[in-house]
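Trainee: I'd like to ask you about the structure that follows.
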Amino acid sequence: MWELIKDKLKTYIPEESFKEWFEHTKEVDSSNGVIKVVVPDSEVADFIKEFYWDFIQKAMLETGVNKPIEFIPSNSALNGDSLKQQHGIKTPNVSNNLTKLSLNSDYTFENFVVGPSNELAFATCKAVAESPGTVYNPLYIYGGTGLGKTHLLHAVAHRFCELYPEKKILLISAERFFYDYVSAVKSNKFLPFREKYREVDILLVDDIQYLANKGGTKEEFFSTFNELFDNKKQIVISSDSLPNDIYQFQERLVSRFKWGIVADIQPPELETRIAILTKKAKIFNFEIDDEAIYFIATKLRKNVRELEGALKKCGLIARLKNSKITVEIAKNALKDVIDDNDVITPDRIMKFVADYYKIPAGKLKEKNNSRNIVLPRQIAMYLCKQLTNLSFPEIGKAFGNKHHTTVMYACNQVENKMASDPKFKRLVESFIQSLD
Ligand code: ADP
Ligand code: MG
């Protein structure tokens, strides 16, 4: 029953929050008319009750589940490790005095596929795990959702714990920091809070954008940050946006972020996506055809989490059919996942280029040869050749029935200009990146 409620909750609350608070919860027993749910620790239980209770009630109403719920911390004295083991709730086996660090054992550097889109983030994370507080401090990792920020933070934690078992580490979501701070304010007990956050050798805070509009918590974070920084302790922060773009973050905090290094993660290129799928297939023990890998990698381009989800879905269906994952299975399995809007069409390309040059997209199809139209049209034709499987005549047709030699000429012109003008080359490459 809890699973039903969880499925509903997933639709109301942000993905990251769901992962943080609900992913590791599990129903253990619902005898005596009470739904018993194991959560990793008592703080999670408190947080859920305090901040998500309204949502849970809404989910219960909508699913028709009408029973009291009891949250049982898996680390409570009564339940102890046996419960955790029984329900697959992991706390890492670390020798330092870490109790709150629940690391995903798959999120290691070894399991992270490196490509041009993430190599800076990967290298800086490795460097701080190995030489904390010296090279890049603070380290600010930013990138869109599902691109590996949390994975890298966990990887830092794994490596750091291996290398420095005697040192203290704290990896926490910004939401958790917020909750701890609010609890400290409420109970007027700042000492344990400050001990927890300030007496560490490395502090990793995931999804810092969550604090953007949280006044007091932001101040507290700022002073935590300063104290750690002044003591040469390593700080690693992840976010879905650049420091400057986090609305309402004070200037002074933003400029402090910039003292260290800002490393971005971009959506992975095709080759990296293929390598990620190959690696994950191995981890999940799926047998998969190369063509199926290629198929999935070309259909899902923006988000590694979705890529992984797609692979799992194919794997499940293949297992049911007692088969390996073939292109047919993948095509079928991913029918609903593949977003037609995501397919690159000449119209999408024309609109994109026209928007950039601030001209109406329709002009590119006209017989208009004024200077401010010709170049955007040539670029758009070139992009069609690069990003779609269309032939020269087909592209010509899409541009208001232009002759195929016009398209060939356009591609040639753009290639020549790219070869002689590095600025232009960068511009066209950025178009390709944004569209792909
Ligand atoms: P974010 O925190 O940026 O939203 P996550 O770290 O949760 O993203 O990553 C989503 C999923 O994608 C995870 O399962 C992670 O292991 C996987 N992933 C992301 N990037 C890579 C990569 N370069 N190599 C292997 N797995 C990756
Ligand atoms: Mg994350």
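Ordering of the structure tokens sets the chain letters (A, B, ...), residue numbers begin anew at 1 in every chain, and ligands are numbered from 1 in the order given.
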Do you have, as a Markdown table, the list of residues of chain A lying at most 7 Å from ligand 1, each with its nearest atom pair and that distance in Å to one decimal, counting only C-alpha atoms and all ligand atoms and ordered by chain then number?
Mentor:
```
| residue | atom | partner | partner_atom_place_in_ligand_line | distance |
| --- | --- | --- | --- | --- |
| A:Tyr107 | CA | ligand 1 | 16 (O) | 5.7 |
| A:Asn111 | CA | ligand 1 | 25 (C) | 5.7 |
| A:Phe112 | CA | ligand 1 | 24 (N) | 3.6 |
| A:Val113 | CA | ligand 1 | 24 (N) | 3.7 |
| A:Val114 | CA | ligand 1 | 23 (N) | 5.5 |
| A:Asn118 | CA | ligand 1 | 23 (N) | 6.8 |
| A:Gly143 | CA | ligand 1 | 3 (O) | 6.3 |
| A:Gly144 | CA | ligand 1 | 3 (O) | 6.1 |
| A:Thr145 | CA | ligand 1 | 4 (O) | 3.8 |
| A:Gly146 | CA | ligand 1 | 4 (O) | 3.4 |
| A:Leu147 | CA | ligand 1 | 3 (O) | 4.0 |
| A:Gly148 | CA | ligand 1 | 6 (O) | 3.1 |
| A:Lys149 | CA | ligand 1 | 3 (O) | 3.7 |
| A:Thr150 | CA | ligand 1 | 6 (O) | 3.6 |
| A:His151 | CA | ligand 1 | 6 (O) | 3.7 |
| A:Leu152 | CA | ligand 1 | 6 (O) | 6.4 |
| A:Ile276 | CA | ligand 1 | 25 (C) | 5.2 |
| A:Val304 | CA | ligand 1 | 12 (O) | 4.4 |
| A:Arg305 | CA | ligand 1 | 11 (C) | 4.0 |
| A:Glu308 | CA | ligand 1 | 12 (O) | 6.4 |
```
Trainee: Could you write those residues out with all heavy atoms, as a compact mmCIF listing (two decimals), in the first residue's frame?
Mentor:
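New file out-v3.txt:
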```txt
# COMPACT_ATOMS: atom_id res chain seq x y z
N TYR A 107 27.58 4.41 -7.07
CA TYR A 107 28.02 5.75 -7.48
C TYR A 107 29.50 5.96 -7.17
O TYR A 107 29.86 6.69 -6.26
CB TYR A 107 27.17 6.82 -6.80
CG TYR A 107 25.74 6.92 -7.30
CD1 TYR A 107 25.26 6.10 -8.30
CD2 TYR A 107 24.87 7.87 -6.75
CE1 TYR A 107 23.96 6.20 -8.74
CE2 TYR A 107 23.56 7.98 -7.19
CZ TYR A 107 23.11 7.13 -8.19
OH TYR A 107 21.81 7.25 -8.62
N ASN A 111 32.53 3.65 -11.85
CA ASN A 111 31.29 3.46 -12.61
C ASN A 111 30.85 4.71 -13.36
O ASN A 111 29.76 4.74 -13.94
CB ASN A 111 30.15 3.04 -11.68
CG ASN A 111 30.29 1.60 -11.25
OD1 ASN A 111 31.04 0.85 -11.87
ND2 ASN A 111 29.59 1.21 -10.20
N PHE A 112 31.63 5.73 -13.32
CA PHE A 112 31.26 6.98 -14.00
C PHE A 112 31.96 7.03 -15.35
O PHE A 112 33.18 6.89 -15.44
CB PHE A 112 31.67 8.17 -13.13
CG PHE A 112 31.06 9.47 -13.58
CD1 PHE A 112 29.77 9.82 -13.21
CD2 PHE A 112 31.78 10.36 -14.37
CE1 PHE A 112 29.20 11.02 -13.62
CE2 PHE A 112 31.21 11.56 -14.79
CZ PHE A 112 29.93 11.89 -14.40
N VAL A 113 31.18 7.19 -16.39
CA VAL A 113 31.76 7.24 -17.74
C VAL A 113 32.18 8.69 -18.05
O VAL A 113 31.36 9.61 -17.93
CB VAL A 113 30.76 6.75 -18.79
CG1 VAL A 113 31.33 6.91 -20.20
CG2 VAL A 113 30.38 5.30 -18.51
N VAL A 114 33.42 8.84 -18.43
CA VAL A 114 33.93 10.19 -18.66
C VAL A 114 33.93 10.51 -20.15
O VAL A 114 34.32 9.68 -20.97
CB VAL A 114 35.37 10.32 -18.12
CG1 VAL A 114 35.83 11.78 -18.20
CG2 VAL A 114 35.43 9.83 -16.70
N ASN A 118 31.67 15.89 -19.41
CA ASN A 118 31.77 15.89 -17.95
C ASN A 118 33.19 15.74 -17.43
O ASN A 118 33.41 15.53 -16.24
CB ASN A 118 30.89 14.76 -17.37
CG ASN A 118 31.28 13.40 -17.93
OD1 ASN A 118 32.43 13.15 -18.25
ND2 ASN A 118 30.31 12.51 -18.06
N GLY A 143 25.01 21.38 -13.32
CA GLY A 143 24.53 20.69 -14.51
C GLY A 143 23.06 20.38 -14.36
O GLY A 143 22.53 20.38 -13.25
N GLY A 144 22.41 20.12 -15.48
CA GLY A 144 20.98 19.84 -15.46
C GLY A 144 20.66 18.55 -14.72
O GLY A 144 21.56 17.80 -14.34
N THR A 145 19.38 18.32 -14.56
CA THR A 145 18.99 17.16 -13.78
C THR A 145 19.32 15.85 -14.51
O THR A 145 19.27 15.78 -15.73
CB THR A 145 17.49 17.24 -13.40
OG1 THR A 145 17.15 16.08 -12.69
CG2 THR A 145 16.60 17.36 -14.62
N GLY A 146 19.71 14.86 -13.72
CA GLY A 146 20.00 13.54 -14.27
C GLY A 146 21.31 13.44 -15.00
O GLY A 146 21.53 12.51 -15.78
N LEU A 147 22.23 14.37 -14.76
CA LEU A 147 23.50 14.32 -15.49
C LEU A 147 24.68 13.83 -14.66
O LEU A 147 25.82 13.85 -15.11
CB LEU A 147 23.82 15.70 -16.09
CG LEU A 147 22.84 16.17 -17.17
CD1 LEU A 147 23.27 17.50 -17.75
CD2 LEU A 147 22.71 15.14 -18.28
N GLY A 148 24.42 13.42 -13.43
CA GLY A 148 25.50 12.79 -12.67
C GLY A 148 26.08 13.59 -11.51
O GLY A 148 27.13 13.22 -10.98
N LYS A 149 25.42 14.65 -11.09
CA LYS A 149 25.97 15.44 -9.97
C LYS A 149 26.00 14.63 -8.69
O LYS A 149 27.02 14.56 -8.01
CB LYS A 149 25.13 16.71 -9.74
CG LYS A 149 25.08 17.64 -10.93
CD LYS A 149 24.28 18.89 -10.63
CE LYS A 149 22.80 18.65 -10.34
NZ LYS A 149 22.03 18.11 -11.48
N THR A 150 24.87 14.02 -8.37
CA THR A 150 24.82 13.24 -7.13
C THR A 150 25.79 12.06 -7.21
O THR A 150 26.49 11.76 -6.24
CB THR A 150 23.37 12.75 -6.88
OG1 THR A 150 22.53 13.91 -6.80
CG2 THR A 150 23.26 11.95 -5.61
N HIS A 151 25.84 11.45 -8.37
CA HIS A 151 26.78 10.35 -8.56
C HIS A 151 28.20 10.80 -8.22
O HIS A 151 28.92 10.14 -7.46
CB HIS A 151 26.68 9.87 -10.02
CG HIS A 151 27.50 8.66 -10.33
ND1 HIS A 151 27.01 7.59 -11.04
CD2 HIS A 151 28.78 8.34 -10.04
CE1 HIS A 151 27.96 6.67 -11.17
NE2 HIS A 151 29.05 7.11 -10.57
N LEU A 152 28.60 11.94 -8.75
CA LEU A 152 29.97 12.41 -8.51
C LEU A 152 30.20 12.75 -7.04
O LEU A 152 31.27 12.47 -6.49
CB LEU A 152 30.28 13.63 -9.39
CG LEU A 152 30.66 13.30 -10.83
CD1 LEU A 152 30.88 14.58 -11.63
CD2 LEU A 152 31.91 12.42 -10.90
N ILE A 276 27.96 4.84 -21.62
CA ILE A 276 27.19 4.74 -20.36
C ILE A 276 26.26 3.53 -20.43
O ILE A 276 26.20 2.72 -19.50
CB ILE A 276 26.37 6.03 -20.10
CG1 ILE A 276 27.32 7.19 -19.76
CG2 ILE A 276 25.36 5.83 -18.98
CD1 ILE A 276 26.63 8.54 -19.62
N VAL A 304 20.82 11.41 -18.34
CA VAL A 304 21.35 10.06 -18.14
C VAL A 304 20.40 9.21 -17.31
O VAL A 304 20.29 8.01 -17.50
CB VAL A 304 22.74 10.10 -17.48
CG1 VAL A 304 23.31 8.70 -17.34
CG2 VAL A 304 23.69 10.96 -18.28
N ARG A 305 19.68 9.87 -16.40
CA ARG A 305 18.73 9.09 -15.58
C ARG A 305 17.68 8.47 -16.48
O ARG A 305 17.31 7.30 -16.32
CB ARG A 305 18.09 9.99 -14.52
CG ARG A 305 17.20 9.22 -13.57
CD ARG A 305 16.66 10.09 -12.47
NE ARG A 305 17.73 10.66 -11.67
CZ ARG A 305 17.85 11.95 -11.40
NH1 ARG A 305 16.96 12.80 -11.85
NH2 ARG A 305 18.85 12.38 -10.66
N GLU A 308 19.11 5.60 -18.41
CA GLU A 308 19.21 4.43 -17.56
C GLU A 308 17.84 3.79 -17.34
O GLU A 308 17.69 2.57 -17.39
CB GLU A 308 19.78 4.90 -16.22
CG GLU A 308 20.50 3.84 -15.48
CD GLU A 308 21.09 4.42 -14.19
OE1 GLU A 308 21.78 5.46 -14.24
OE2 GLU A 308 20.82 3.83 -13.14
```
Trainee: What does the distance from atom CA of A:Ser105 to atom CA of A:Gln234 come to in Å, to one decimal?
Mentor: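 Distance reported for this atom pair: 22.2 Å.
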Trainee: How many Å separate atom CA of A:Ile329 from atom CA of A:Ala292?
Mentor: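 Atom-to-atom, atom CA of A:Ile329 to atom CA of A:Ala292, that is 8.3 Å.
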Trainee: Go through stretch 85-205 of chain A and collect every residue that DSSP, computed from the backbone, puts in strand (DSSP E); the answer should be as a list in words.
Mentor: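 So, restricting stretch 85-205 of chain A to strand (DSSP E), we get Leu139, Tyr140, Ile141, Tyr142, Gly143, Ile169, Leu170, Leu171, Ile172, Ser173, Ile202, Leu203, Leu204 and Val205 of chain A.
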Trainee: I need the residues from that last selection saved to file as a compact mmCIF listing (two decimals), in the first residue's frame (with C-alpha atoms), if you can.
Mentor:
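Saved result, again37.txt, follows:
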```
# COMPACT_ATOMS: atom_id res chain seq x y z
CA LEU A 139 34.32 23.02 -5.82
CA TYR A 140 31.03 23.92 -7.43
CA ILE A 141 29.53 21.33 -9.78
CA TYR A 142 26.65 22.43 -11.91
CA GLY A 143 24.53 20.69 -14.51
CA ILE A 169 32.91 13.72 6.14
CA LEU A 170 29.38 14.89 5.67
CA LEU A 171 27.38 14.50 2.47
CA ILE A 172 23.99 16.00 2.66
CA SER A 173 21.28 17.44 0.46
CA ILE A 202 34.89 17.74 3.97
CA LEU A 203 31.34 18.94 3.48
CA LEU A 204 29.41 18.00 0.35
CA VAL A 205 26.07 19.70 -0.21
```
Trainee: Considering only C-alpha atoms, state which residue in the set A:Leu270, A:Lys233, A:Gly315, A:Lys299 is at the smallest distance from A:Ile283.
Mentor: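 Closest to A:Ile283, using only C-alpha atoms: A:Gly315.
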Trainee: I want to know what sits within 10 Å of A:Gln57, based on only C-alpha atoms, with residues of the same chain fewer than 6 positions away left out; could you give that as a count of residues only?
Mentor: 5
Trainee: Using DSSP on the backbone coordinates, identify all residues within stretch 176-258 of chain A classified as helix (DSSP H, G or I); present the result as JSON, numbers by chain.
Mentor: {"A": [176, 177, 178, 179, 180, 181, 182, 183, 184, 185, 186, 187, 190, 191, 192, 193, 194, 195, 196, 197, 198, 208, 209, 210, 211, 215, 216, 217, 218, 219, 220, 221, 222, 223, 224, 225, 226, 227, 228, 229, 230, 243, 244, 245, 251, 252, 253, 254, 255, 256, 257]}
Trainee: Write out as a list of chain:residue names the residues lying within 12 Å of A:Glu328, counting only C-alpha atoms and excluding same-chain residues fewer than 6 positions away.
Mentor: A:Ile288, A:Asp289, A:Glu291, A:Ala292, A:Ile293, A:Phe295, A:Ile296, A:Cys314, A:Ile317, A:Ala318, A:Leu334, A:Lys335
Trainee: Neighbours of A:Glu175 within 10 Å (only C-alpha atoms; same-chain residues fewer than 4 positions away dropped), as a PDB file with all heavy atoms, in the first residue's frame?
Mentor:
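Output (around-v5.pdb):
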```pdb
ATOM      1  N   GLU A  16      14.094  15.234  -7.099  1.00  0.00           N
ATOM      2  CA  GLU A  16      15.221  15.182  -6.173  1.00  0.00           C
ATOM      3  C   GLU A  16      14.725  14.999  -4.741  1.00  0.00           C
ATOM      4  O   GLU A  16      15.304  14.270  -3.946  1.00  0.00           O
ATOM      5  CB  GLU A  16      16.068  16.454  -6.267  1.00  0.00           C
ATOM      6  CG  GLU A  16      16.702  16.660  -7.622  1.00  0.00           C
ATOM      7  CD  GLU A  16      17.647  15.522  -8.024  1.00  0.00           C
ATOM      8  OE1 GLU A  16      18.408  15.067  -7.161  1.00  0.00           O
ATOM      9  OE2 GLU A  16      17.605  15.088  -9.182  1.00  0.00           O
ATOM     10  N   SER A  17      13.642  15.679  -4.400  1.00  0.00           N
ATOM     11  CA  SER A  17      13.114  15.572  -3.043  1.00  0.00           C
ATOM     12  C   SER A  17      12.581  14.162  -2.807  1.00  0.00           C
ATOM     13  O   SER A  17      12.758  13.580  -1.747  1.00  0.00           O
ATOM     14  CB  SER A  17      11.990  16.569  -2.816  1.00  0.00           C
ATOM     15  OG  SER A  17      12.454  17.862  -3.056  1.00  0.00           O
ATOM     16  N   GLU A  20      15.448  11.918  -2.157  1.00  0.00           N
ATOM     17  CA  GLU A  20      16.056  12.160  -0.846  1.00  0.00           C
ATOM     18  C   GLU A  20      15.241  11.535   0.283  1.00  0.00           C
ATOM     19  O   GLU A  20      15.772  10.907   1.183  1.00  0.00           O
ATOM     20  CB  GLU A  20      16.183  13.667  -0.645  1.00  0.00           C
ATOM     21  CG  GLU A  20      16.602  14.093   0.753  1.00  0.00           C
ATOM     22  CD  GLU A  20      18.081  13.865   1.003  1.00  0.00           C
ATOM     23  OE1 GLU A  20      18.819  13.744   0.020  1.00  0.00           O
ATOM     24  OE2 GLU A  20      18.471  13.800   2.188  1.00  0.00           O
ATOM     25  N   TRP A  21      13.945  11.725   0.251  1.00  0.00           N
ATOM     26  CA  TRP A  21      13.143  11.372   1.421  1.00  0.00           C
ATOM     27  C   TRP A  21      12.352  10.082   1.277  1.00  0.00           C
ATOM     28  O   TRP A  21      12.038   9.435   2.268  1.00  0.00           O
ATOM     29  CB  TRP A  21      12.191  12.524   1.762  1.00  0.00           C
ATOM     30  CG  TRP A  21      12.933  13.784   1.983  1.00  0.00           C
ATOM     31  CD1 TRP A  21      13.021  14.846   1.139  1.00  0.00           C
ATOM     32  CD2 TRP A  21      13.777  14.095   3.099  1.00  0.00           C
ATOM     33  NE1 TRP A  21      13.850  15.799   1.659  1.00  0.00           N
ATOM     34  CE2 TRP A  21      14.324  15.380   2.861  1.00  0.00           C
ATOM     35  CE3 TRP A  21      14.119  13.432   4.284  1.00  0.00           C
ATOM     36  CZ2 TRP A  21      15.196  15.989   3.754  1.00  0.00           C
ATOM     37  CZ3 TRP A  21      14.983  14.056   5.175  1.00  0.00           C
ATOM     38  CH2 TRP A  21      15.511  15.307   4.908  1.00  0.00           C
ATOM     39  N   PHE A  47      11.220  14.564   9.336  1.00  0.00           N
ATOM     40  CA  PHE A  47      11.110  15.485   8.198  1.00  0.00           C
ATOM     41  C   PHE A  47       9.870  15.173   7.370  1.00  0.00           C
ATOM     42  O   PHE A  47       9.106  16.054   7.000  1.00  0.00           O
ATOM     43  CB  PHE A  47      12.358  15.392   7.314  1.00  0.00           C
ATOM     44  CG  PHE A  47      12.436  16.503   6.299  1.00  0.00           C
ATOM     45  CD1 PHE A  47      13.066  17.686   6.597  1.00  0.00           C
ATOM     46  CD2 PHE A  47      11.850  16.366   5.043  1.00  0.00           C
ATOM     47  CE1 PHE A  47      13.127  18.727   5.671  1.00  0.00           C
ATOM     48  CE2 PHE A  47      11.897  17.401   4.116  1.00  0.00           C
ATOM     49  CZ  PHE A  47      12.550  18.574   4.434  1.00  0.00           C
ATOM     50  N   TYR A 179      16.399  21.447   6.795  1.00  0.00           N
ATOM     51  CA  TYR A 179      15.609  20.822   7.849  1.00  0.00           C
ATOM     52  C   TYR A 179      16.363  20.833   9.184  1.00  0.00           C
ATOM     53  O   TYR A 179      15.806  21.166  10.233  1.00  0.00           O
ATOM     54  CB  TYR A 179      15.245  19.384   7.477  1.00  0.00           C
ATOM     55  CG  TYR A 179      14.581  18.680   8.623  1.00  0.00           C
ATOM     56  CD1 TYR A 179      13.322  19.089   9.041  1.00  0.00           C
ATOM     57  CD2 TYR A 179      15.234  17.666   9.319  1.00  0.00           C
ATOM     58  CE1 TYR A 179      12.707  18.487  10.114  1.00  0.00           C
ATOM     59  CE2 TYR A 179      14.623  17.061  10.395  1.00  0.00           C
ATOM     60  CZ  TYR A 179      13.358  17.472  10.796  1.00  0.00           C
ATOM     61  OH  TYR A 179      12.766  16.888  11.863  1.00  0.00           O
ATOM     62  N   ASP A 180      17.625  20.483   9.138  1.00  0.00           N
ATOM     63  CA  ASP A 180      18.415  20.475  10.373  1.00  0.00           C
ATOM     64  C   ASP A 180      18.454  21.861  10.998  1.00  0.00           C
ATOM     65  O   ASP A 180      18.368  22.016  12.207  1.00  0.00           O
ATOM     66  CB  ASP A 180      19.858  20.017  10.092  1.00  0.00           C
ATOM     67  CG  ASP A 180      19.927  18.513   9.901  1.00  0.00           C
ATOM     68  OD1 ASP A 180      18.911  17.832  10.149  1.00  0.00           O
ATOM     69  OD2 ASP A 180      20.995  18.019   9.489  1.00  0.00           O
ATOM     70  N   TYR A 181      18.592  22.853  10.133  1.00  0.00           N
ATOM     71  CA  TYR A 181      18.675  24.210  10.652  1.00  0.00           C
ATOM     72  C   TYR A 181      17.338  24.632  11.265  1.00  0.00           C
ATOM     73  O   TYR A 181      17.284  25.161  12.375  1.00  0.00           O
ATOM     74  CB  TYR A 181      19.091  25.180   9.544  1.00  0.00           C
ATOM     75  CG  TYR A 181      19.131  26.606  10.009  1.00  0.00           C
ATOM     76  CD1 TYR A 181      20.101  27.018  10.924  1.00  0.00           C
ATOM     77  CD2 TYR A 181      18.181  27.531   9.577  1.00  0.00           C
ATOM     78  CE1 TYR A 181      20.122  28.327  11.383  1.00  0.00           C
ATOM     79  CE2 TYR A 181      18.207  28.836  10.038  1.00  0.00           C
ATOM     80  CZ  TYR A 181      19.169  29.229  10.938  1.00  0.00           C
ATOM     81  OH  TYR A 181      19.187  30.507  11.403  1.00  0.00           O
ATOM     82  N   VAL A 205      27.482  19.334  -0.252  1.00  0.00           N
ATOM     83  CA  VAL A 205      26.067  19.702  -0.208  1.00  0.00           C
ATOM     84  C   VAL A 205      25.472  19.588  -1.609  1.00  0.00           C
ATOM     85  O   VAL A 205      25.917  20.249  -2.543  1.00  0.00           O
ATOM     86  CB  VAL A 205      25.870  21.133   0.328  1.00  0.00           C
ATOM     87  CG1 VAL A 205      24.385  21.443   0.443  1.00  0.00           C
ATOM     88  CG2 VAL A 205      26.546  21.302   1.676  1.00  0.00           C
ATOM     89  N   ASP A 206      24.472  18.729  -1.710  1.00  0.00           N
ATOM     90  CA  ASP A 206      23.872  18.440  -3.011  1.00  0.00           C
ATOM     91  C   ASP A 206      22.669  19.363  -3.247  1.00  0.00           C
ATOM     92  O   ASP A 206      21.900  19.616  -2.326  1.00  0.00           O
ATOM     93  CB  ASP A 206      23.408  16.968  -3.012  1.00  0.00           C
ATOM     94  CG  ASP A 206      23.328  16.381  -4.407  1.00  0.00           C
ATOM     95  OD1 ASP A 206      23.655  17.082  -5.384  1.00  0.00           O
ATOM     96  OD2 ASP A 206      22.945  15.192  -4.528  1.00  0.00           O
ATOM     97  N   ASP A 207      22.535  19.852  -4.468  1.00  0.00           N
ATOM     98  CA  ASP A 207      21.379  20.662  -4.859  1.00  0.00           C
ATOM     99  C   ASP A 207      21.214  21.937  -4.047  1.00  0.00           C
ATOM    100  O   ASP A 207      20.145  22.211  -3.495  1.00  0.00           O
ATOM    101  CB  ASP A 207      20.087  19.818  -4.773  1.00  0.00           C
ATOM    102  CG  ASP A 207      20.042  18.757  -5.848  1.00  0.00           C
ATOM    103  OD1 ASP A 207      20.438  19.069  -6.990  1.00  0.00           O
ATOM    104  OD2 ASP A 207      19.636  17.620  -5.541  1.00  0.00           O
ATOM    105  N   ILE A 208      22.247  22.722  -4.021  1.00  0.00           N
ATOM    106  CA  ILE A 208      22.267  23.948  -3.214  1.00  0.00           C
ATOM    107  C   ILE A 208      21.198  24.939  -3.649  1.00  0.00           C
ATOM    108  O   ILE A 208      20.755  25.770  -2.863  1.00  0.00           O
ATOM    109  CB  ILE A 208      23.678  24.593  -3.288  1.00  0.00           C
ATOM    110  CG1 ILE A 208      23.853  25.690  -2.242  1.00  0.00           C
ATOM    111  CG2 ILE A 208      23.942  25.181  -4.655  1.00  0.00           C
ATOM    112  CD1 ILE A 208      24.234  25.194  -0.920  1.00  0.00           C
ATOM    113  N   GLN A 209      20.724  24.820  -4.902  1.00  0.00           N
ATOM    114  CA  GLN A 209      19.703  25.765  -5.370  1.00  0.00           C
ATOM    115  C   GLN A 209      18.469  25.732  -4.482  1.00  0.00           C
ATOM    116  O   GLN A 209      17.716  26.692  -4.414  1.00  0.00           O
ATOM    117  CB  GLN A 209      19.324  25.491  -6.834  1.00  0.00           C
ATOM    118  CG  GLN A 209      18.467  24.268  -7.097  1.00  0.00           C
ATOM    119  CD  GLN A 209      19.268  22.970  -7.187  1.00  0.00           C
ATOM    120  OE1 GLN A 209      20.489  22.988  -7.089  1.00  0.00           O
ATOM    121  NE2 GLN A 209      18.591  21.849  -7.374  1.00  0.00           N
ATOM    122  N   TYR A 210      18.305  24.644  -3.763  1.00  0.00           N
ATOM    123  CA  TYR A 210      17.154  24.534  -2.861  1.00  0.00           C
ATOM    124  C   TYR A 210      17.153  25.639  -1.807  1.00  0.00           C
ATOM    125  O   TYR A 210      16.102  26.047  -1.317  1.00  0.00           O
ATOM    126  CB  TYR A 210      17.194  23.156  -2.187  1.00  0.00           C
ATOM    127  CG  TYR A 210      16.043  22.904  -1.256  1.00  0.00           C
ATOM    128  CD1 TYR A 210      14.827  22.442  -1.747  1.00  0.00           C
ATOM    129  CD2 TYR A 210      16.169  23.134   0.115  1.00  0.00           C
ATOM    130  CE1 TYR A 210      13.766  22.229  -0.897  1.00  0.00           C
ATOM    131  CE2 TYR A 210      15.108  22.923   0.973  1.00  0.00           C
ATOM    132  CZ  TYR A 210      13.904  22.472   0.465  1.00  0.00           C
ATOM    133  OH  TYR A 210      12.850  22.262   1.305  1.00  0.00           O
ATOM    134  N   LEU A 211      18.330  26.128  -1.456  1.00  0.00           N
ATOM    135  CA  LEU A 211      18.401  27.145  -0.404  1.00  0.00           C
ATOM    136  C   LEU A 211      18.144  28.558  -0.915  1.00  0.00           C
ATOM    137  O   LEU A 211      18.080  29.495  -0.129  1.00  0.00           O
ATOM    138  CB  LEU A 211      19.785  27.126   0.270  1.00  0.00           C
ATOM    139  CG  LEU A 211      20.190  25.854   0.994  1.00  0.00           C
ATOM    140  CD1 LEU A 211      21.532  26.067   1.690  1.00  0.00           C
ATOM    141  CD2 LEU A 211      19.141  25.458   2.031  1.00  0.00           C
TER     142      LEU A 211
END
```
Trainee: Determine, counting only C-alpha atoms, which protein, DNA and RNA residues have an atom within 12 Å of an atom of stretch 252-256 of chain A; residues of the same chain fewer than 4 positions away are not included. Present the result as number ranges by chain.
Mentor: A: 137-140, 208-209, 211-212, 218-226, 229-230, 235, 241-248, 260-262
Trainee: List as a list in words the protein and nucleic acid residues near stretch 32-42 of chain A, meaning an atom at most 8 Å away when only C-alpha atoms are counted, but skip any in the same chain fewer than 3 places from it.
Mentor: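 The neighbour list is Met1, Trp2, His24, Thr25, Lys26, Glu27, Val28, Asp29, Ala45, Asp46, Lys67, Pro68, Ile69, Glu70, Phe71, Ile72, Pro73, Ser74, Asn75, Ser76 and Ile89 of chain A.
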Trainee: Between A:Thr134, A:Phe55, A:Ala123, A:Asp240, which has the minimum distance to ligand 2 (counting only C-alpha atoms and all ligand atoms)?
Mentor: A:Asp240
